[in-house]
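Q: Structure: upload_28.cif, mmCIF, N, CA and C atoms, pLDDT in the B column; chains and numbers go by the auth columns.
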data_target
#
loop_
_atom_site.group_PDB
_atom_site.id
_atom_site.type_symbol
_atom_site.label_atom_id
_atom_site.label_comp_id
_atom_site.label_asym_id
_atom_site.label_seq_id
_atom_site.Cartn_x
_atom_site.Cartn_y
_atom_site.Cartn_z
_atom_site.B_iso_or_equiv
_atom_site.auth_seq_id
_atom_site.auth_asym_id
ATOM 1 N N MET A 1 0.836 -1.172 0.000 65.00 1 W
ATOM 2 C CA MET A 1 0.000 0.000 0.000 65.00 1 W
ATOM 3 C C MET A 1 0.885 1.240 0.000 65.00 1 W
ATOM 4 N N VAL A 2 0.615 2.139 -0.910 72.00 2 W
ATOM 5 C CA VAL A 2 1.422 3.338 -1.057 72.00 2 W
ATOM 6 C C VAL A 2 0.706 4.498 -0.384 72.00 2 W
ATOM 7 N N THR A 3 1.425 5.202 0.468 75.00 3 W
ATOM 8 C CA THR A 3 0.869 6.362 1.150 75.00 3 W
ATOM 9 C C THR A 3 1.380 7.620 0.471 75.00 3 W
ATOM 10 N N THR A 4 0.451 8.478 0.091 88.00 4 W
ATOM 11 C CA THR A 4 0.849 9.720 -0.549 88.00 4 W
ATOM 12 C C THR A 4 1.146 10.768 0.510 88.00 4 W
ATOM 13 N N ALA A 5 1.842 11.814 0.081 88.00 5 W
ATOM 14 C CA ALA A 5 2.192 12.888 1.011 88.00 5 W
ATOM 15 C C ALA A 5 0.944 13.622 1.497 88.00 5 W
ATOM 16 N N SER A 6 -0.020 13.810 0.624 88.00 6 W
ATOM 17 C CA SER A 6 -1.234 14.518 1.047 88.00 6 W
ATOM 18 C C SER A 6 -2.036 13.698 2.055 88.00 6 W
ATOM 19 N N ALA A 7 -2.082 12.385 1.886 83.00 7 W
ATOM 20 C CA ALA A 7 -2.790 11.537 2.844 83.00 7 W
ATOM 21 C C ALA A 7 -2.095 11.571 4.205 83.00 7 W
ATOM 22 N N LEU A 8 -0.776 11.566 4.200 84.00 8 W
ATOM 23 C CA LEU A 8 -0.019 11.638 5.447 84.00 8 W
ATOM 24 C C LEU A 8 -0.239 12.978 6.136 84.00 8 W
ATOM 25 N N LEU A 9 -0.219 14.061 5.373 89.00 9 W
ATOM 26 C CA LEU A 9 -0.450 15.380 5.955 89.00 9 W
ATOM 27 C C LEU A 9 -1.863 15.509 6.504 89.00 9 W
ATOM 28 N N ASN A 10 -2.841 14.974 5.785 86.00 10 W
ATOM 29 C CA ASN A 10 -4.216 15.006 6.276 86.00 10 W
ATOM 30 C C ASN A 10 -4.358 14.222 7.578 86.00 10 W
ATOM 31 N N THR A 11 -3.709 13.080 7.658 83.00 11 W
ATOM 32 C CA THR A 11 -3.754 12.274 8.874 83.00 11 W
ATOM 33 C C THR A 11 -3.144 13.023 10.053 83.00 11 W
ATOM 34 N N LEU A 12 -1.998 13.638 9.834 87.00 12 W
ATOM 35 C CA LEU A 12 -1.344 14.403 10.896 87.00 12 W
ATOM 36 C C LEU A 12 -2.179 15.612 11.305 87.00 12 W
ATOM 37 N N LEU A 13 -2.801 16.265 10.340 89.00 13 W
ATOM 38 C CA LEU A 13 -3.643 17.420 10.631 89.00 13 W
ATOM 39 C C LEU A 13 -4.843 17.016 11.478 89.00 13 W
ATOM 40 N N TYR A 14 -5.540 15.965 11.082 85.00 14 W
ATOM 41 C CA TYR A 14 -6.702 15.513 11.840 85.00 14 W
ATOM 42 C C TYR A 14 -6.311 15.002 13.225 85.00 14 W
ATOM 43 N N ALA A 15 -5.160 14.359 13.329 85.00 15 W
ATOM 44 C CA ALA A 15 -4.690 13.905 14.640 85.00 15 W
ATOM 45 C C ALA A 15 -4.393 15.102 15.541 85.00 15 W
ATOM 46 N N GLY A 16 -3.768 16.116 14.997 89.00 16 W
ATOM 47 C CA GLY A 16 -3.480 17.326 15.767 89.00 16 W
ATOM 48 C C GLY A 16 -4.742 18.031 16.214 89.00 16 W
ATOM 49 N N ILE A 17 -5.720 18.115 15.316 86.00 17 W
ATOM 50 C CA ILE A 17 -6.998 18.741 15.665 86.00 17 W
ATOM 51 C C ILE A 17 -7.702 17.925 16.751 86.00 17 W
ATOM 52 N N GLY A 18 -7.676 16.621 16.622 83.00 18 W
ATOM 53 C CA GLY A 18 -8.308 15.764 17.627 83.00 18 W
ATOM 54 C C GLY A 18 -7.669 15.915 18.999 83.00 18 W
ATOM 55 N N ILE A 19 -6.355 15.977 19.041 86.00 19 W
ATOM 56 C CA ILE A 19 -5.652 16.151 20.320 86.00 19 W
ATOM 57 C C ILE A 19 -5.960 17.517 20.915 86.00 19 W
ATOM 58 N N ALA A 20 -5.992 18.547 20.074 91.00 20 W
ATOM 59 C CA ALA A 20 -6.307 19.897 20.555 91.00 20 W
ATOM 60 C C ALA A 20 -7.726 19.948 21.118 91.00 20 W
ATOM 61 N N VAL A 21 -8.683 19.329 20.433 85.00 21 W
ATOM 62 C CA VAL A 21 -10.070 19.303 20.924 85.00 21 W
ATOM 63 C C VAL A 21 -10.146 18.562 22.257 85.00 21 W
ATOM 64 N N PHE A 22 -9.405 17.482 22.383 84.00 22 W
ATOM 65 C CA PHE A 22 -9.403 16.731 23.637 84.00 22 W
ATOM 66 C C PHE A 22 -8.846 17.572 24.787 84.00 22 W
ATOM 67 N N VAL A 23 -7.739 18.260 24.551 88.00 23 W
ATOM 68 C CA VAL A 23 -7.124 19.082 25.600 88.00 23 W
ATOM 69 C C VAL A 23 -8.058 20.228 25.987 88.00 23 W
ATOM 70 N N ILE A 24 -8.650 20.881 24.999 91.00 24 W
ATOM 71 C CA ILE A 24 -9.578 21.977 25.279 91.00 24 W
ATOM 72 C C ILE A 24 -10.800 21.458 26.044 91.00 24 W
ATOM 73 N N GLY A 25 -11.297 20.305 25.653 85.00 25 W
ATOM 74 C CA GLY A 25 -12.428 19.699 26.359 85.00 25 W
ATOM 75 C C GLY A 25 -12.095 19.365 27.799 85.00 25 W
ATOM 76 N N PHE A 26 -10.888 18.862 28.046 85.00 26 W
ATOM 77 C CA PHE A 26 -10.471 18.525 29.405 85.00 26 W
ATOM 78 C C PHE A 26 -10.360 19.790 30.250 85.00 26 W
ATOM 79 N N VAL A 27 -9.822 20.869 29.668 89.00 27 W
ATOM 80 C CA VAL A 27 -9.700 22.133 30.404 89.00 27 W
ATOM 81 C C VAL A 27 -11.080 22.700 30.723 89.00 27 W
ATOM 82 N N ILE A 28 -11.994 22.651 29.761 89.00 28 W
ATOM 83 C CA ILE A 28 -13.359 23.140 30.002 89.00 28 W
ATOM 84 C C ILE A 28 -14.042 22.295 31.067 89.00 28 W
ATOM 85 N N LEU A 29 -13.871 20.993 31.002 84.00 29 W
ATOM 86 C CA LEU A 29 -14.441 20.109 32.025 84.00 29 W
ATOM 87 C C LEU A 29 -13.874 20.445 33.395 84.00 29 W
ATOM 88 N N ASP A 30 -12.585 20.719 33.468 86.00 30 W
ATOM 89 C CA ASP A 30 -11.952 21.071 34.734 86.00 30 W
ATOM 90 C C ASP A 30 -12.502 22.387 35.273 86.00 30 W
ATOM 91 N N LEU A 31 -12.783 23.333 34.384 90.00 31 W
ATOM 92 C CA LEU A 31 -13.333 24.614 34.824 90.00 31 W
ATOM 93 C C LEU A 31 -14.789 24.496 35.287 90.00 31 W
ATOM 94 N N LEU A 32 -15.552 23.600 34.674 88.00 32 W
ATOM 95 C CA LEU A 32 -16.968 23.469 34.999 88.00 32 W
ATOM 96 C C LEU A 32 -17.244 22.640 36.248 88.00 32 W
ATOM 97 N N THR A 33 -16.319 21.791 36.617 84.00 33 W
ATOM 98 C CA THR A 33 -16.529 20.933 37.781 84.00 33 W
ATOM 99 C C THR A 33 -15.918 21.589 39.017 84.00 33 W
ATOM 100 N N PRO A 34 -16.525 21.355 40.183 87.00 34 W
ATOM 101 C CA PRO A 34 -15.939 21.923 41.406 87.00 34 W
ATOM 102 C C PRO A 34 -14.642 21.196 41.762 87.00 34 W
ATOM 103 N N GLY A 35 -13.680 21.933 42.246 84.00 35 W
ATOM 104 C CA GLY A 35 -12.394 21.352 42.606 84.00 35 W
ATOM 105 C C GLY A 35 -11.493 21.212 41.395 84.00 35 W
ATOM 106 N N LYS A 36 -10.328 20.681 41.634 87.00 36 W
ATOM 107 C CA LYS A 36 -9.353 20.460 40.566 87.00 36 W
ATOM 108 C C LYS A 36 -9.455 19.013 40.097 87.00 36 W
ATOM 109 N N LEU A 37 -9.765 18.849 38.829 85.00 37 W
ATOM 110 C CA LEU A 37 -10.018 17.519 38.281 85.00 37 W
ATOM 111 C C LEU A 37 -8.777 16.627 38.369 85.00 37 W
ATOM 112 N N TRP A 38 -7.632 17.152 37.960 85.00 38 W
ATOM 113 C CA TRP A 38 -6.417 16.337 37.953 85.00 38 W
ATOM 114 C C TRP A 38 -6.008 15.944 39.372 85.00 38 W
ATOM 115 N N GLU A 39 -6.211 16.855 40.322 89.00 39 W
ATOM 116 C CA GLU A 39 -5.881 16.537 41.716 89.00 39 W
ATOM 117 C C GLU A 39 -6.798 15.439 42.253 89.00 39 W
ATOM 118 N N GLU A 40 -8.071 15.501 41.908 89.00 40 W
ATOM 119 C CA GLU A 40 -9.009 14.467 42.345 89.00 40 W
ATOM 120 C C GLU A 40 -8.630 13.091 41.788 89.00 40 W
ATOM 121 N N ILE A 41 -8.194 13.078 40.531 89.00 41 W
ATOM 122 C CA ILE A 41 -7.863 11.797 39.896 89.00 41 W
ATOM 123 C C ILE A 41 -6.511 11.276 40.365 89.00 41 W
ATOM 124 N N ASN A 42 -5.517 12.127 40.332 91.00 42 W
ATOM 125 C CA ASN A 42 -4.146 11.679 40.563 91.00 42 W
ATOM 126 C C ASN A 42 -3.778 11.600 42.045 91.00 42 W
ATOM 127 N N VAL A 43 -4.111 12.620 42.823 93.00 43 W
ATOM 128 C CA VAL A 43 -3.684 12.658 44.219 93.00 43 W
ATOM 129 C C VAL A 43 -4.654 11.893 45.114 93.00 43 W
ATOM 130 N N LYS A 44 -5.945 12.171 44.975 93.00 44 W
ATOM 131 C CA LYS A 44 -6.938 11.563 45.851 93.00 44 W
ATOM 132 C C LYS A 44 -7.425 10.203 45.355 93.00 44 W
ATOM 133 N N GLN A 45 -7.018 9.801 44.156 94.00 45 W
ATOM 134 C CA GLN A 45 -7.386 8.503 43.580 94.00 45 W
ATOM 135 C C GLN A 45 -8.905 8.307 43.522 94.00 45 W
ATOM 136 N N ASN A 46 -9.618 9.358 43.134 92.00 46 W
ATOM 137 C CA ASN A 46 -11.078 9.312 43.055 92.00 46 W
ATOM 138 C C ASN A 46 -11.488 8.619 41.755 92.00 46 W
ATOM 139 N N ARG A 47 -11.956 7.385 41.872 95.00 47 W
ATOM 140 C CA ARG A 47 -12.293 6.587 40.687 95.00 47 W
ATOM 141 C C ARG A 47 -13.533 7.098 39.964 95.00 47 W
ATOM 142 N N ALA A 48 -14.484 7.639 40.705 93.00 48 W
ATOM 143 C CA ALA A 48 -15.703 8.156 40.076 93.00 48 W
ATOM 144 C C ALA A 48 -15.377 9.330 39.163 93.00 48 W
ATOM 145 N N VAL A 49 -14.498 10.211 39.604 90.00 49 W
ATOM 146 C CA VAL A 49 -14.094 11.353 38.778 90.00 49 W
ATOM 147 C C VAL A 49 -13.303 10.864 37.571 90.00 49 W
ATOM 148 N N ALA A 50 -12.474 9.851 37.761 91.00 50 W
ATOM 149 C CA ALA A 50 -11.703 9.298 36.643 91.00 50 W
ATOM 150 C C ALA A 50 -12.627 8.668 35.603 91.00 50 W
ATOM 151 N N GLN A 51 -13.660 7.971 36.050 94.00 51 W
ATOM 152 C CA GLN A 51 -14.618 7.378 35.117 94.00 51 W
ATOM 153 C C GLN A 51 -15.394 8.460 34.368 94.00 51 W
ATOM 154 N N PHE A 52 -15.760 9.520 35.072 89.00 52 W
ATOM 155 C CA PHE A 52 -16.465 10.629 34.434 89.00 52 W
ATOM 156 C C PHE A 52 -15.581 11.288 33.372 89.00 52 W
ATOM 157 N N ALA A 53 -14.323 11.547 33.705 87.00 53 W
ATOM 158 C CA ALA A 53 -13.400 12.149 32.741 87.00 53 W
ATOM 159 C C ALA A 53 -13.174 11.206 31.553 87.00 53 W
ATOM 160 N N GLY A 54 -13.111 9.926 31.815 90.00 54 W
ATOM 161 C CA GLY A 54 -12.964 8.956 30.731 90.00 54 W
ATOM 162 C C GLY A 54 -14.164 8.930 29.811 90.00 54 W
ATOM 163 N N ALA A 55 -15.351 9.032 30.394 92.00 55 W
ATOM 164 C CA ALA A 55 -16.571 9.064 29.581 92.00 55 W
ATOM 165 C C ALA A 55 -16.610 10.314 28.702 92.00 55 W
ATOM 166 N N VAL A 56 -16.179 11.431 29.256 86.00 56 W
ATOM 167 C CA VAL A 56 -16.113 12.665 28.464 86.00 56 W
ATOM 168 C C VAL A 56 -15.098 12.509 27.336 86.00 56 W
ATOM 169 N N ALA A 57 -13.964 11.879 27.626 87.00 57 W
ATOM 170 C CA ALA A 57 -12.935 11.673 26.599 87.00 57 W
ATOM 171 C C ALA A 57 -13.458 10.782 25.475 87.00 57 W
ATOM 172 N N ILE A 58 -14.183 9.727 25.816 92.00 58 W
ATOM 173 C CA ILE A 58 -14.749 8.855 24.790 92.00 58 W
ATOM 174 C C ILE A 58 -15.792 9.597 23.967 92.00 58 W
ATOM 175 N N GLY A 59 -16.610 10.401 24.628 89.00 59 W
ATOM 176 C CA GLY A 59 -17.597 11.206 23.916 89.00 59 W
ATOM 177 C C GLY A 59 -16.955 12.175 22.941 89.00 59 W
ATOM 178 N N LEU A 60 -15.891 12.846 23.377 84.00 60 W
ATOM 179 C CA LEU A 60 -15.172 13.753 22.479 84.00 60 W
ATOM 180 C C LEU A 60 -14.548 12.995 21.312 84.00 60 W
ATOM 181 N N ALA A 61 -14.022 11.808 21.585 85.00 61 W
ATOM 182 C CA ALA A 61 -13.409 11.016 20.515 85.00 61 W
ATOM 183 C C ALA A 61 -14.442 10.597 19.472 85.00 61 W
ATOM 184 N N ILE A 62 -15.633 10.243 19.916 88.00 62 W
ATOM 185 C CA ILE A 62 -16.691 9.859 18.980 88.00 62 W
ATOM 186 C C ILE A 62 -17.095 11.054 18.120 88.00 62 W
ATOM 187 N N ILE A 63 -17.208 12.232 18.739 83.00 63 W
ATOM 188 C CA ILE A 63 -17.577 13.430 17.995 83.00 63 W
ATOM 189 C C ILE A 63 -16.518 13.794 16.961 83.00 63 W
ATOM 190 N N VAL A 64 -15.227 13.752 17.365 80.00 64 W
ATOM 191 C CA VAL A 64 -14.141 14.072 16.430 80.00 64 W
ATOM 192 C C VAL A 64 -14.094 13.050 15.298 80.00 64 W
ATOM 193 N N ALA A 65 -14.262 11.770 15.615 82.00 65 W
ATOM 194 C CA ALA A 65 -14.236 10.732 14.580 82.00 65 W
ATOM 195 C C ALA A 65 -15.384 10.904 13.597 82.00 65 W
ATOM 196 N N ALA A 66 -16.564 11.249 14.105 84.00 66 W
ATOM 197 C CA ALA A 66 -17.710 11.459 13.218 84.00 66 W
ATOM 198 C C ALA A 66 -17.502 12.681 12.333 84.00 66 W
ATOM 199 N N ALA A 67 -16.879 13.719 12.883 78.00 67 W
ATOM 200 C CA ALA A 67 -16.603 14.921 12.089 78.00 67 W
ATOM 201 C C ALA A 67 -15.585 14.644 10.999 78.00 67 W
ATOM 202 N N ILE A 68 -14.590 13.836 11.294 74.00 68 W
ATOM 203 C CA ILE A 68 -13.565 13.505 10.299 74.00 68 W
ATOM 204 C C ILE A 68 -14.145 12.585 9.226 74.00 68 W
ATOM 205 N N HIS A 69 -14.928 11.618 9.660 75.00 69 W
ATOM 206 C CA HIS A 69 -15.473 10.638 8.719 75.00 69 W
ATOM 207 C C HIS A 69 -16.525 11.266 7.793 75.00 69 W
ATOM 208 N N GLY A 70 -17.233 12.232 8.301 60.00 70 W
ATOM 209 C CA GLY A 70 -18.214 12.945 7.472 60.00 70 W
ATOM 210 C C GLY A 70 -19.500 12.296 7.531 60.00 70 W
#
Represent the structure of the file as structure tokens.
A:
Amino acid sequence: MVTTASALLNTLLYAGIGIAVFVIGFVILDLLTPGKLWEEINVKQNRAVAQFAGAVAIGLAIIVAAAIHG
């Protein structure tokens, strides 16, 4: 299978956009929830908050994938 330069650039572009959307979504989620999200997950080992953040991440991934796929 031969990969063209434009296909590679498109893949990198969409991957970059997806990562940026994920980071922005995580920051917005952190601002909307009470307390510090990363501290709750990492320091306090709060599994419920980790599951909630994971569900948001999966939701964002589905939205980005649907937008890319068209």
Q: Excluding same-chain residues fewer than 5 positions from Phe26 of chain W, what lies within 8 Å of it counting only N, CA and C atoms, as a PDB file with N, CA and C atoms, in the coordinates of the input?
A:
ATOM      1  N   ALA W  20      -5.992  18.547  20.074  1.00 91.00           N
ATOM      2  CA  ALA W  20      -6.307  19.897  20.555  1.00 91.00           C
ATOM      3  C   ALA W  20      -7.726  19.948  21.118  1.00 91.00           C
ATOM      4  N   VAL W  21      -8.683  19.329  20.433  1.00 85.00           N
ATOM      5  CA  VAL W  21     -10.070  19.303  20.924  1.00 85.00           C
ATOM      6  C   VAL W  21     -10.146  18.562  22.257  1.00 85.00           C
ATOM      7  N   LEU W  31     -12.783  23.333  34.384  1.00 90.00           N
ATOM      8  CA  LEU W  31     -13.333  24.614  34.824  1.00 90.00           C
ATOM      9  C   LEU W  31     -14.789  24.496  35.287  1.00 90.00           C
ATOM     10  N   LEU W  32     -15.552  23.600  34.674  1.00 88.00           N
ATOM     11  CA  LEU W  32     -16.968  23.469  34.999  1.00 88.00           C
ATOM     12  C   LEU W  32     -17.244  22.640  36.248  1.00 88.00           C
ATOM     13  N   ALA W  53     -14.323  11.547  33.705  1.00 87.00           N
ATOM     14  CA  ALA W  53     -13.400  12.149  32.741  1.00 87.00           C
ATOM     15  C   ALA W  53     -13.174  11.206  31.553  1.00 87.00           C
ATOM     16  N   VAL W  56     -16.179  11.431  29.256  1.00 86.00           N
ATOM     17  CA  VAL W  56     -16.113  12.665  28.464  1.00 86.00           C
ATOM     18  C   VAL W  56     -15.098  12.509  27.336  1.00 86.00           C
ATOM     19  N   ALA W  57     -13.964  11.879  27.626  1.00 87.00           N
ATOM     20  CA  ALA W  57     -12.935  11.673  26.599  1.00 87.00           C
ATOM     21  C   ALA W  57     -13.458  10.782  25.475  1.00 87.00           C
TER      22      ALA W  57
END
Q: If I take atom CA of Ala65 of chain W and atom C of Ile41 of chain W, how far is one from the other in Å, to one decimal?
A: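 Interatomic distance here is 26.9 Å.
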Q: Between atom N of Gln51 of chain W and atom N of Gly18 of chain W, what distance in Å does the model show, to one decimal?
A: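 These atoms are spaced 22.1 Å apart.
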Q: Can you measure atom CA of Ala67 of chain W to atom CA of Ala50 of chain W for me? One decimal in Å is fine.
A: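 If I compute the distance from atom CA of Ala67 of chain W to atom CA of Ala50 of chain W, I get 25.7 Å.
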Q: I need the residues of chain W that end up classed as alpha helix (DSSP H) by DSSP on the backbone, written out as a PyMOL selection string.
A: chain W and resi 5-32+37-42+47-69
Q: Could you pull the residues within 12 Å of Leu37 of chain W, counting only C-alpha atoms, minus those fewer than 5 positions along the same chain, as a list of chain:residue names?
A: W:Phe26, W:Val27, W:Ile28, W:Leu29, W:Asp30, W:Leu31, W:Leu32, W:Asn42, W:Val43, W:Lys44, W:Gln45, W:Asn46, W:Arg47, W:Ala48, W:Val49, W:Ala50, W:Gln51, W:Phe52, W:Ala53, W:Gly54
